[in-house]
Amino acid sequence: MDNRVKGEIIKVSGPLVVAKGMRDANMFDVVEVSEQRLIGEIIEMHGDDASIQVYEETAGLGPGEAVVSRGQPLSVELGPGLISGIFDGILRPLDVLVETEGSRITRGAFAPALDREKKWTFDARRKVGDRVEAGDVLGIVQETESLEHRILVPPTVSGTIKKIEAGDFTVTDTVVWLEDEQGKEIELTMMQRWPVRIGRPYVEKIAPEEPLVTGQRSIDTFFPVAKGGTAAVPGPFGSGKTVIQHQLAKWAEADVVVYIGCGERGNEMTDVLMEFPELEDPKTGHSLMKRTILIANTSDMPVAAREASIYTGITIAEYFRDMGYAVSVMADSTSRWAEALREMSGRLEEMPGEEGYPAYLGSRLAVFYERAGTVRCLGSDHRTGILTAIGAVSPPGGDLSDPVAQSTLRIVQVFWSLDSQLAYRRHFPAINWLTSYSLYSQKIDAWTDNQIGKDFSQLRKDAMRLLQDESELEEIVRLIGHDALSETDQLKLEAARSLREDFLHQNSFDDIDTFTSLQKQYRMLSLLMNFYYEGLRLLEAKGPFDKFINLPIREDLARFKQVPENNVESRYEELRANFQSDLASLNQEE
């Protein structure tokens, strides 16, 4: 029986279509607009009328054309075939559509997210008679060389296995037959569907304590993000937001990366598409795309689909999190998503909030970021899944008083503030150490002191104090000159300069410097701060300060960042010994 609701258009305003005769439809139902079957979603109901945001170009639509509700919310297909794929905001596979439609996709074009023809080898891990509950692993599909896809019991299903088959199947073939508590038979395929606006369920959320190691020194040491945490990267044009997102996608400790290009320039998504397949995953040696999913909704694509792309990406990430994987979501950028919200809100004639953004901007952002976390997944094996959300924010002119930036800061726990002045000075990553912060630092300090080095947190705090002192001293230097400073203040400036140039500055295009392990970061910081500590002792003993500042060992300390990971320990001990030897020589000269 066809229970789909049918109505007709009475108004078209850009991506917003108003249809009458929709009283029996529901909020967030997916609808097909006109004979071209353009995909839309009901976002407001007024009696008999439904306001619909259409995810495709609406030019040419007019009153009287048909609107048909599918009777279900916007959902995505989840199963083997997602990894390495590139999709638009509503999960249409762009690589498939370009073959049938060409470089400009026509309106109403459709292709299923998952290939219906391709066969996957299903390796059954359960047997007939087993009792399974929601979230249990039924079998494994080796989707790529570096990732096994775990086929799970859907979150709303449980029962006893009556039949299970292993072998080669498409995603629509039945592989498991269950009998539930009422004796009803349930057929399960390797594919699930899930509404994008509803978070996938889990048993409990666990407080994050372990750092997400990214290999970026300014992040891991000074402003760490926890596994399952949330972070924002705001910054003006040209400050390196996208490069940081690419670095995190490549190096962060994640089994799966979901990269959402939300309203960004097409050439930036082209860079991702061209670079990621050629980049080697440092963990597996295979292409980085073998664990990456791209959601591309560039600035020239329909604005309403931008709004959906964020939810599509986080839903896919939750699906892989439920398998027990560590997943990272990179949203670039939430400002463009908020602009789509603002446009739709304006067309709905809602009361505008600050700078025209809707009053519910903050709550919508919170809904997205709160879907991140470390959770105990559904299923009898009590596995843990991790979802870390990192969003770029593009405030106009780098103004952090922008409503999107301010709303984001109230939600996320880590703030990496990108500074255009640092970028212009070619200091990358251009994270401003005076305005950035991490609310995870205290918990992560306990972890790093226990796992990496017992004085790691103290070194970090002393280094931060040095950098803050340098900022204050620079004001004095501009007024009265460097030579008027005391020797202690001159030492602070020299030590802070070493921290900036030799530790915080990192070359993402250098094979060695692009990634630094936590152990190496600890050794680097220890050497640089030891220079400062020894300088203070020398000043107390009234030693030869000028000779100390110009010790040749400083050049070796600066080049320590170029030491390969397998030589770090031996080179560290060698430099410590050389430094002590130079200090002893200074004392003898005195």
# chains A, B, ... in the order shown; residues from 1 in each chain; ligands from 1
>>> residues_around(residues="region 431-444 of chain A", least_positions_apart="3", cutoff="6 Å", atoms="only C-alpha atoms", output="list in words")
Glu209, Phe223, Gln413, Val414, Phe415, Trp416, Ser417, Leu418, Asp419 and Trp447 of chain A
>>> residues_around(residues="region 538-541 of chain A", least_positions_apart="5", cutoff="10 Å", atoms="only C-alpha atoms", output="list in words")
Glu487, Thr488, Leu491, Tyr532, Tyr533, Phe548, Leu583, Leu586 and Asn587 of chain A
>>> closest_residue(among="A:Thr312, A:Gln458, A:Thr144, A:Ser517", to="Trp251 (chain A)", atoms="only C-alpha atoms")
A:Ser517
>>> closest_residue(among="A:Asn267, A:Ser51, A:Gln36, A:Thr315", to="Lys20 (chain A)", atoms="only C-alpha atoms")
A:Ser51
>>> closest_residue(among="A:Asp136, A:Glu264, A:Glu350, A:Asp49", to="Ala392 (chain A)", atoms="only C-alpha atoms")
A:Glu264
>>> closest_residue(among="A:Val225, A:Ala584, A:Leu525, A:Leu400", to="Glu210 (chain A)", atoms="only C-alpha atoms")
A:Val225
>>> closest_residue(among="A:Met323, A:Ile39, A:Leu527, A:Val12", to="Gly139 (chain A)", atoms="only C-alpha atoms")
A:Met323
>>> closest_residue(among="A:Ala331, A:Ile9, A:Val203, A:Leu273", to="Thr384 (chain A)", atoms="only C-alpha atoms")
A:Val203
>>> residues_around(residues="Ser508 (chain A)", least_positions_apart="5", cutoff="12 Å", atoms="only C-alpha atoms", output="PDB file with N, CA, C and O atoms, in the first residue's frame")
ATOM      1  N   GLY A 215      51.411  14.264  15.907  1.00  0.00           N
ATOM      2  CA  GLY A 215      52.745  14.475  15.356  1.00  0.00           C
ATOM      3  C   GLY A 215      53.082  15.930  15.128  1.00  0.00           C
ATOM      4  O   GLY A 215      54.175  16.257  14.665  1.00  0.00           O
ATOM      5  N   GLN A 216      52.137  16.843  15.457  1.00  0.00           N
ATOM      6  CA  GLN A 216      52.368  18.286  15.311  1.00  0.00           C
ATOM      7  C   GLN A 216      52.750  18.832  16.687  1.00  0.00           C
ATOM      8  O   GLN A 216      51.957  18.786  17.625  1.00  0.00           O
ATOM      9  N   ARG A 217      53.960  19.362  16.830  1.00  0.00           N
ATOM     10  CA  ARG A 217      54.515  19.684  18.147  1.00  0.00           C
ATOM     11  C   ARG A 217      53.696  20.740  18.894  1.00  0.00           C
ATOM     12  O   ARG A 217      53.461  20.611  20.099  1.00  0.00           O
ATOM     13  N   GLY A 240      46.396  28.797   6.998  1.00  0.00           N
ATOM     14  CA  GLY A 240      46.809  27.395   7.050  1.00  0.00           C
ATOM     15  C   GLY A 240      45.825  26.433   7.662  1.00  0.00           C
ATOM     16  O   GLY A 240      46.215  25.353   8.106  1.00  0.00           O
ATOM     17  N   VAL A 243      45.765  23.149   5.533  1.00  0.00           N
ATOM     18  CA  VAL A 243      47.002  22.367   5.677  1.00  0.00           C
ATOM     19  C   VAL A 243      47.003  21.625   7.010  1.00  0.00           C
ATOM     20  O   VAL A 243      47.393  20.451   7.085  1.00  0.00           O
ATOM     21  N   ILE A 244      46.548  22.297   8.083  1.00  0.00           N
ATOM     22  CA  ILE A 244      46.480  21.625   9.385  1.00  0.00           C
ATOM     23  C   ILE A 244      45.502  20.453   9.316  1.00  0.00           C
ATOM     24  O   ILE A 244      45.787  19.359   9.823  1.00  0.00           O
ATOM     25  N   GLN A 245      44.347  20.659   8.662  1.00  0.00           N
ATOM     26  CA  GLN A 245      43.378  19.561   8.526  1.00  0.00           C
ATOM     27  C   GLN A 245      43.998  18.387   7.758  1.00  0.00           C
ATOM     28  O   GLN A 245      43.808  17.223   8.128  1.00  0.00           O
ATOM     29  N   HIS A 246      44.761  18.691   6.715  1.00  0.00           N
ATOM     30  CA  HIS A 246      45.408  17.622   5.941  1.00  0.00           C
ATOM     31  C   HIS A 246      46.438  16.891   6.799  1.00  0.00           C
ATOM     32  O   HIS A 246      46.533  15.653   6.740  1.00  0.00           O
ATOM     33  N   GLN A 247      47.224  17.634   7.578  1.00  0.00           N
ATOM     34  CA  GLN A 247      48.221  17.014   8.447  1.00  0.00           C
ATOM     35  C   GLN A 247      47.560  16.095   9.475  1.00  0.00           C
ATOM     36  O   GLN A 247      48.049  14.995   9.750  1.00  0.00           O
ATOM     37  N   LEU A 248      46.463  16.558  10.042  1.00  0.00           N
ATOM     38  CA  LEU A 248      45.755  15.743  11.030  1.00  0.00           C
ATOM     39  C   LEU A 248      45.162  14.507  10.371  1.00  0.00           C
ATOM     40  O   LEU A 248      45.184  13.415  10.953  1.00  0.00           O
ATOM     41  N   LYS A 250      46.357  12.937   7.892  1.00  0.00           N
ATOM     42  CA  LYS A 250      47.433  11.990   7.555  1.00  0.00           C
ATOM     43  C   LYS A 250      48.048  11.353   8.793  1.00  0.00           C
ATOM     44  O   LYS A 250      48.280  10.141   8.834  1.00  0.00           O
ATOM     45  N   TRP A 251      48.295  12.148   9.835  1.00  0.00           N
ATOM     46  CA  TRP A 251      49.146  11.679  10.918  1.00  0.00           C
ATOM     47  C   TRP A 251      48.424  11.328  12.226  1.00  0.00           C
ATOM     48  O   TRP A 251      48.986  10.625  13.061  1.00  0.00           O
ATOM     49  N   HIS A 427      55.721  31.363   9.599  1.00  0.00           N
ATOM     50  CA  HIS A 427      55.787  30.472  10.766  1.00  0.00           C
ATOM     51  C   HIS A 427      54.577  29.542  10.700  1.00  0.00           C
ATOM     52  O   HIS A 427      53.436  29.949  10.938  1.00  0.00           O
ATOM     53  N   PHE A 428      54.827  28.281  10.355  1.00  0.00           N
ATOM     54  CA  PHE A 428      53.746  27.287  10.268  1.00  0.00           C
ATOM     55  C   PHE A 428      54.070  26.099  11.170  1.00  0.00           C
ATOM     56  O   PHE A 428      55.226  25.721  11.293  1.00  0.00           O
ATOM     57  N   PRO A 429      53.061  25.466  11.789  1.00  0.00           N
ATOM     58  CA  PRO A 429      51.665  25.896  11.786  1.00  0.00           C
ATOM     59  C   PRO A 429      51.507  27.213  12.533  1.00  0.00           C
ATOM     60  O   PRO A 429      52.152  27.431  13.561  1.00  0.00           O
ATOM     61  N   ALA A 430      50.644  28.083  12.014  1.00  0.00           N
ATOM     62  CA  ALA A 430      50.514  29.454  12.542  1.00  0.00           C
ATOM     63  C   ALA A 430      49.584  29.504  13.752  1.00  0.00           C
ATOM     64  O   ALA A 430      48.714  30.375  13.844  1.00  0.00           O
ATOM     65  N   ASP A 513      60.575  16.247   9.411  1.00  0.00           N
ATOM     66  CA  ASP A 513      59.965  17.219  10.325  1.00  0.00           C
ATOM     67  C   ASP A 513      58.441  17.195  10.299  1.00  0.00           C
ATOM     68  O   ASP A 513      57.794  17.696  11.213  1.00  0.00           O
ATOM     69  N   THR A 514      57.839  16.590   9.273  1.00  0.00           N
ATOM     70  CA  THR A 514      56.378  16.602   9.153  1.00  0.00           C
ATOM     71  C   THR A 514      55.686  15.897  10.307  1.00  0.00           C
ATOM     72  O   THR A 514      54.559  16.232  10.665  1.00  0.00           O
ATOM     73  N   PHE A 515      56.358  14.915  10.905  1.00  0.00           N
ATOM     74  CA  PHE A 515      55.772  14.179  12.038  1.00  0.00           C
ATOM     75  C   PHE A 515      56.820  14.025  13.134  1.00  0.00           C
ATOM     76  O   PHE A 515      57.952  13.641  12.865  1.00  0.00           O
ATOM     77  N   THR A 516      56.407  14.303  14.378  1.00  0.00           N
ATOM     78  CA  THR A 516      57.298  14.137  15.525  1.00  0.00           C
ATOM     79  C   THR A 516      56.567  13.335  16.595  1.00  0.00           C
ATOM     80  O   THR A 516      55.496  13.738  17.050  1.00  0.00           O
TER      81      THR A 516
END
>>> select_by_dssp(residues="region 520-561 of chain A", states="helix (DSSP H, G or I)", output="mmCIF file with C-alpha atoms, in the first residue's frame")
data_model
loop_
_atom_site.group_PDB
_atom_site.id
_atom_site.type_symbol
_atom_site.label_atom_id
_atom_site.label_comp_id
_atom_site.auth_asym_id
_atom_site.auth_seq_id
_atom_site.Cartn_x
_atom_site.Cartn_y
_atom_site.Cartn_z
ATOM 1 C CA LYS A 520 60.923 12.976 20.354
ATOM 2 C CA GLN A 521 58.860 16.028 21.345
ATOM 3 C CA TYR A 522 59.737 15.350 24.985
ATOM 4 C CA ARG A 523 63.470 15.057 24.168
ATOM 5 C CA MET A 524 63.409 18.260 22.072
ATOM 6 C CA LEU A 525 61.631 20.232 24.784
ATOM 7 C CA SER A 526 63.930 18.822 27.440
ATOM 8 C CA LEU A 527 67.066 19.946 25.550
ATOM 9 C CA LEU A 528 65.743 23.444 24.830
ATOM 10 C CA MET A 529 64.491 24.023 28.378
ATOM 11 C CA ASN A 530 67.733 22.602 29.815
ATOM 12 C CA PHE A 531 69.558 25.394 27.964
ATOM 13 C CA TYR A 532 67.332 27.905 29.803
ATOM 14 C CA TYR A 533 67.740 26.223 33.205
ATOM 15 C CA GLU A 534 71.537 26.063 32.858
ATOM 16 C CA GLY A 535 71.566 29.723 31.806
ATOM 17 C CA LEU A 536 69.743 30.702 35.009
ATOM 18 C CA ARG A 537 72.274 28.756 37.089
ATOM 19 C CA LEU A 538 75.155 30.430 35.275
ATOM 20 C CA LEU A 539 73.687 33.903 35.948
ATOM 21 C CA GLU A 540 73.294 33.057 39.635
ATOM 22 C CA PHE A 545 76.798 35.126 29.943
ATOM 23 C CA ASP A 546 77.902 36.325 26.466
ATOM 24 C CA LYS A 547 79.935 33.179 25.857
ATOM 25 C CA PHE A 548 77.078 30.989 27.132
ATOM 26 C CA ILE A 549 74.575 32.578 24.706
ATOM 27 C CA ILE A 553 75.919 23.550 20.850
ATOM 28 C CA ARG A 554 72.906 25.796 20.145
ATOM 29 C CA GLU A 555 73.188 25.046 16.427
ATOM 30 C CA ASP A 556 73.076 21.319 17.200
ATOM 31 C CA LEU A 557 70.001 21.810 19.403
ATOM 32 C CA ALA A 558 68.271 23.657 16.558
ATOM 33 C CA ARG A 559 69.002 20.784 14.149
ATOM 34 C CA PHE A 560 67.652 18.132 16.514
ATOM 35 C CA LYS A 561 64.258 18.338 14.745
#
>>> residues_around(residues="Glu569 (chain A)", least_positions_apart="3", cutoff="10 Å", atoms="only C-alpha atoms", output="JSON, numbers by chain")
{"A": [519, 520, 523, 563, 565, 566, 572, 573, 574]}
>>> write_last_selection(atoms="all heavy atoms", output="PDB file, in the first residue's frame")
ATOM      1  N   GLN A 519      57.665  10.959  22.123  1.00  0.00           N
ATOM      2  CA  GLN A 519      58.978  10.748  22.751  1.00  0.00           C
ATOM      3  C   GLN A 519      59.997  11.764  22.238  1.00  0.00           C
ATOM      4  O   GLN A 519      60.770  12.330  23.017  1.00  0.00           O
ATOM      5  CB  GLN A 519      59.474   9.311  22.476  1.00  0.00           C
ATOM      6  CG  GLN A 519      58.751   8.227  23.265  1.00  0.00           C
ATOM      7  CD  GLN A 519      57.392   7.892  22.672  1.00  0.00           C
ATOM      8  OE1 GLN A 519      57.049   8.356  21.584  1.00  0.00           O
ATOM      9  NE2 GLN A 519      56.622   7.086  23.387  1.00  0.00           N
ATOM     10  N   LYS A 520      59.985  12.003  20.918  1.00  0.00           N
ATOM     11  CA  LYS A 520      60.923  12.976  20.354  1.00  0.00           C
ATOM     12  C   LYS A 520      60.570  14.394  20.804  1.00  0.00           C
ATOM     13  O   LYS A 520      61.468  15.201  21.096  1.00  0.00           O
ATOM     14  CB  LYS A 520      60.921  12.872  18.828  1.00  0.00           C
ATOM     15  CG  LYS A 520      61.945  13.805  18.165  1.00  0.00           C
ATOM     16  CD  LYS A 520      61.970  13.630  16.657  1.00  0.00           C
ATOM     17  CE  LYS A 520      62.932  14.609  15.993  1.00  0.00           C
ATOM     18  NZ  LYS A 520      62.940  14.482  14.524  1.00  0.00           N
ATOM     19  N   ARG A 523      62.011  14.881  24.200  1.00  0.00           N
ATOM     20  CA  ARG A 523      63.470  15.057  24.168  1.00  0.00           C
ATOM     21  C   ARG A 523      63.829  16.462  23.657  1.00  0.00           C
ATOM     22  O   ARG A 523      64.721  17.115  24.207  1.00  0.00           O
ATOM     23  CB  ARG A 523      64.120  14.005  23.259  1.00  0.00           C
ATOM     24  CG  ARG A 523      63.908  12.559  23.686  1.00  0.00           C
ATOM     25  CD  ARG A 523      64.503  12.300  25.026  1.00  0.00           C
ATOM     26  NE  ARG A 523      64.426  10.905  25.406  1.00  0.00           N
ATOM     27  CZ  ARG A 523      64.270  10.481  26.658  1.00  0.00           C
ATOM     28  NH1 ARG A 523      64.148  11.360  27.652  1.00  0.00           N
ATOM     29  NH2 ARG A 523      64.231   9.195  26.942  1.00  0.00           N
ATOM     30  N   VAL A 563      66.586  15.028  13.230  1.00  0.00           N
ATOM     31  CA  VAL A 563      67.085  13.686  13.582  1.00  0.00           C
ATOM     32  C   VAL A 563      65.976  12.663  13.340  1.00  0.00           C
ATOM     33  O   VAL A 563      64.863  12.825  13.841  1.00  0.00           O
ATOM     34  CB  VAL A 563      67.532  13.642  15.061  1.00  0.00           C
ATOM     35  CG1 VAL A 563      67.948  12.234  15.459  1.00  0.00           C
ATOM     36  CG2 VAL A 563      68.673  14.631  15.295  1.00  0.00           C
ATOM     37  N   GLU A 565      63.552   9.399  13.693  1.00  0.00           N
ATOM     38  CA  GLU A 565      62.983   8.845  14.926  1.00  0.00           C
ATOM     39  C   GLU A 565      63.839   7.726  15.522  1.00  0.00           C
ATOM     40  O   GLU A 565      63.970   7.613  16.742  1.00  0.00           O
ATOM     41  CB  GLU A 565      61.568   8.314  14.651  1.00  0.00           C
ATOM     42  CG  GLU A 565      60.539   9.389  14.337  1.00  0.00           C
ATOM     43  CD  GLU A 565      60.088  10.159  15.565  1.00  0.00           C
ATOM     44  OE1 GLU A 565      60.332   9.687  16.688  1.00  0.00           O
ATOM     45  OE2 GLU A 565      59.487  11.246  15.398  1.00  0.00           O
ATOM     46  N   ASN A 566      64.460   6.904  14.682  1.00  0.00           N
ATOM     47  CA  ASN A 566      65.226   5.766  15.216  1.00  0.00           C
ATOM     48  C   ASN A 566      66.577   6.180  15.801  1.00  0.00           C
ATOM     49  O   ASN A 566      67.244   5.375  16.455  1.00  0.00           O
ATOM     50  CB  ASN A 566      65.434   4.696  14.127  1.00  0.00           C
ATOM     51  CG  ASN A 566      66.079   5.264  12.880  1.00  0.00           C
ATOM     52  OD1 ASN A 566      66.232   6.469  12.739  1.00  0.00           O
ATOM     53  ND2 ASN A 566      66.463   4.377  11.969  1.00  0.00           N
ATOM     54  N   TYR A 572      70.138  12.351  21.457  1.00  0.00           N
ATOM     55  CA  TYR A 572      69.771  13.104  22.656  1.00  0.00           C
ATOM     56  C   TYR A 572      70.842  12.981  23.730  1.00  0.00           C
ATOM     57  O   TYR A 572      71.294  13.980  24.310  1.00  0.00           O
ATOM     58  CB  TYR A 572      68.421  12.599  23.173  1.00  0.00           C
ATOM     59  CG  TYR A 572      68.028  13.108  24.542  1.00  0.00           C
ATOM     60  CD1 TYR A 572      67.584  14.419  24.727  1.00  0.00           C
ATOM     61  CD2 TYR A 572      68.113  12.274  25.656  1.00  0.00           C
ATOM     62  CE1 TYR A 572      67.222  14.878  25.984  1.00  0.00           C
ATOM     63  CE2 TYR A 572      67.749  12.724  26.918  1.00  0.00           C
ATOM     64  CZ  TYR A 572      67.303  14.023  27.074  1.00  0.00           C
ATOM     65  OH  TYR A 572      66.960  14.478  28.322  1.00  0.00           O
ATOM     66  N   GLU A 573      71.274  11.755  23.987  1.00  0.00           N
ATOM     67  CA  GLU A 573      72.307  11.526  25.008  1.00  0.00           C
ATOM     68  C   GLU A 573      73.622  12.194  24.608  1.00  0.00           C
ATOM     69  O   GLU A 573      74.327  12.762  25.440  1.00  0.00           O
ATOM     70  CB  GLU A 573      72.515  10.019  25.216  1.00  0.00           C
ATOM     71  CG  GLU A 573      71.302   9.291  25.798  1.00  0.00           C
ATOM     72  CD  GLU A 573      70.926   9.786  27.183  1.00  0.00           C
ATOM     73  OE1 GLU A 573      71.771  10.421  27.857  1.00  0.00           O
ATOM     74  OE2 GLU A 573      69.769   9.562  27.607  1.00  0.00           O
ATOM     75  N   GLU A 574      73.916  12.141  23.306  1.00  0.00           N
ATOM     76  CA  GLU A 574      75.148  12.750  22.798  1.00  0.00           C
ATOM     77  C   GLU A 574      75.125  14.274  23.005  1.00  0.00           C
ATOM     78  O   GLU A 574      76.113  14.866  23.474  1.00  0.00           O
ATOM     79  CB  GLU A 574      75.299  12.421  21.314  1.00  0.00           C
ATOM     80  CG  GLU A 574      76.573  12.973  20.678  1.00  0.00           C
ATOM     81  CD  GLU A 574      76.624  12.700  19.185  1.00  0.00           C
ATOM     82  OE1 GLU A 574      75.874  11.826  18.704  1.00  0.00           O
ATOM     83  OE2 GLU A 574      77.399  13.393  18.498  1.00  0.00           O
TER      84      GLU A 574
END
>>> residues_around(residues="Arg342 (chain A)", least_positions_apart="4", cutoff="10 Å", atoms="only C-alpha atoms", output="PyMOL selection string")
chain A and resi 336-338+346-348+350+352-353+355-359+361
>>> residues_around(residues="Val98 (chain A)", least_positions_apart="6", cutoff="12 Å", atoms="only C-alpha atoms", output="ChimeraX atom specification")
/A:86-88,92,104-106,109-111
>>> select_by_dssp(residues="region 176-328 of chain A", states="strand (DSSP E or B)", output="PyMOL selection string")
chain A and resi 176-179+185-188+192-195+204-206+211+226+230-234+256-262+280+287+292-297+326-328
>>> write_last_selection(atoms="N, CA and C atoms", output="tab-separated table (two decimals), in the first residue's frame")
chain	number	residue	atom	x	y	z
A	176	VAL	N	22.17	-13.18	6.76
A	176	VAL	CA	21.80	-13.71	8.08
A	176	VAL	C	20.29	-13.66	8.23
A	177	TRP	N	19.73	-14.76	8.77
A	177	TRP	CA	18.31	-14.82	9.09
A	177	TRP	C	18.18	-14.96	10.60
A	178	LEU	N	17.47	-14.02	11.23
A	178	LEU	CA	17.28	-14.03	12.68
A	178	LEU	C	15.82	-14.33	13.01
A	179	GLU	N	15.63	-14.85	14.21
A	179	GLU	CA	14.27	-14.97	14.77
A	179	GLU	C	14.23	-14.18	16.06
A	185	GLU	N	10.67	-13.62	11.73
A	185	GLU	CA	11.95	-13.78	11.03
A	185	GLU	C	12.43	-12.43	10.51
A	186	ILE	N	13.71	-12.14	10.72
A	186	ILE	CA	14.32	-10.88	10.25
A	186	ILE	C	15.48	-11.23	9.33
A	187	GLU	N	15.48	-10.66	8.13
A	187	GLU	CA	16.57	-10.89	7.18
A	187	GLU	C	17.54	-9.72	7.24
A	188	LEU	N	18.82	-10.02	7.37
A	188	LEU	CA	19.85	-8.98	7.46
A	188	LEU	C	20.79	-9.05	6.27
A	192	GLN	N	23.16	-1.23	6.18
A	192	GLN	CA	22.18	-0.64	7.09
A	192	GLN	C	21.79	0.74	6.57
A	193	ARG	N	20.65	1.23	7.03
A	193	ARG	CA	20.27	2.63	6.78
A	193	ARG	C	20.09	3.31	8.12
A	194	TRP	N	20.48	4.62	8.19
A	194	TRP	CA	20.34	5.33	9.45
A	194	TRP	C	20.03	6.81	9.18
A	195	PRO	N	19.04	7.39	9.90
A	195	PRO	CA	18.73	8.82	9.72
A	195	PRO	C	19.90	9.69	10.18
A	204	GLU	N	27.48	3.66	26.84
A	204	GLU	CA	27.82	4.80	27.71
A	204	GLU	C	28.98	5.58	27.11
A	205	LYS	N	29.06	6.86	27.49
A	205	LYS	CA	30.16	7.70	27.04
A	205	LYS	C	31.22	7.72	28.14
A	206	ILE	N	32.48	7.62	27.74
A	206	ILE	CA	33.61	7.53	28.68
A	206	ILE	C	34.40	8.84	28.62
A	211	PRO	N	45.73	11.31	24.94
A	211	PRO	CA	45.83	12.29	23.86
A	211	PRO	C	45.72	11.64	22.49
A	226	ALA	N	42.15	15.37	23.18
A	226	ALA	CA	42.02	14.00	23.66
A	226	ALA	C	41.34	13.14	22.60
A	230	THR	N	36.87	17.25	21.13
A	230	THR	CA	36.43	18.20	20.11
A	230	THR	C	37.42	19.37	20.04
A	231	ALA	N	37.66	19.86	18.84
A	231	ALA	CA	38.60	20.97	18.66
A	231	ALA	C	38.12	21.86	17.53
A	232	ALA	N	38.48	23.14	17.60
A	232	ALA	CA	38.15	24.10	16.55
A	232	ALA	C	39.42	24.77	16.07
A	233	VAL	N	39.49	25.01	14.76
A	233	VAL	CA	40.64	25.69	14.16
A	233	VAL	C	40.15	26.94	13.45
A	234	PRO	N	39.99	28.05	14.17
A	234	PRO	CA	39.56	29.27	13.50
A	234	PRO	C	40.76	30.06	12.96
A	256	VAL	N	40.07	5.48	10.78
A	256	VAL	CA	39.25	5.97	9.67
A	256	VAL	C	39.18	7.49	9.76
A	257	VAL	N	39.28	8.17	8.62
A	257	VAL	CA	39.16	9.63	8.56
A	257	VAL	C	37.99	9.98	7.65
A	258	VAL	N	37.07	10.82	8.16
A	258	VAL	CA	35.97	11.34	7.35
A	258	VAL	C	36.24	12.83	7.16
A	259	TYR	N	36.50	13.22	5.92
A	259	TYR	CA	36.84	14.62	5.61
A	259	TYR	C	35.64	15.26	4.92
A	260	ILE	N	35.07	16.29	5.57
A	260	ILE	CA	33.88	16.96	5.03
A	260	ILE	C	34.30	18.32	4.48
A	261	GLY	N	34.28	18.46	3.17
A	261	GLY	CA	34.55	19.76	2.55
A	261	GLY	C	33.24	20.50	2.39
A	262	CYS	N	32.90	21.31	3.37
A	262	CYS	CA	31.56	21.91	3.45
A	262	CYS	C	31.61	23.36	2.98
A	280	GLU	N	51.21	8.31	1.27
A	280	GLU	CA	51.35	6.98	1.86
A	280	GLU	C	50.94	7.03	3.33
A	287	SER	N	47.92	3.55	0.33
A	287	SER	CA	47.43	4.90	0.06
A	287	SER	C	46.57	5.38	1.23
A	292	THR	N	40.06	6.58	4.17
A	292	THR	CA	39.48	7.92	4.13
A	292	THR	C	38.17	7.92	3.36
A	293	ILE	N	37.21	8.72	3.83
A	293	ILE	CA	35.95	8.96	3.13
A	293	ILE	C	35.83	10.47	2.94
A	294	LEU	N	35.53	10.91	1.72
A	294	LEU	CA	35.43	12.34	1.43
A	294	LEU	C	33.98	12.72	1.16
A	295	ILE	N	33.51	13.76	1.86
A	295	ILE	CA	32.20	14.35	1.58
A	295	ILE	C	32.48	15.72	0.96
A	296	ALA	N	32.16	15.88	-0.31
A	296	ALA	CA	32.49	17.12	-1.02
A	296	ALA	C	31.22	17.90	-1.32
A	297	ASN	N	31.13	19.09	-0.74
A	297	ASN	CA	30.01	19.97	-1.06
A	297	ASN	C	30.60	21.37	-1.22
A	326	ALA	N	38.87	3.93	15.95
A	326	ALA	CA	39.10	5.34	16.27
A	326	ALA	C	38.89	6.13	14.98
A	327	VAL	N	37.94	7.05	15.00
A	327	VAL	CA	37.55	7.80	13.80
A	327	VAL	C	37.78	9.28	14.04
A	328	SER	N	38.29	9.97	13.03
A	328	SER	CA	38.43	11.43	13.10
A	328	SER	C	37.56	12.06	12.02
>>> atom_distance(atom1="CA of Lys163 (chain A)", atom2="CA of Asp130 (chain A)")
9.9 Å
>>> atom_distance(atom1="CA of Gly21 (chain A)", atom2="CA of Gln53 (chain A)")
16.7 Å
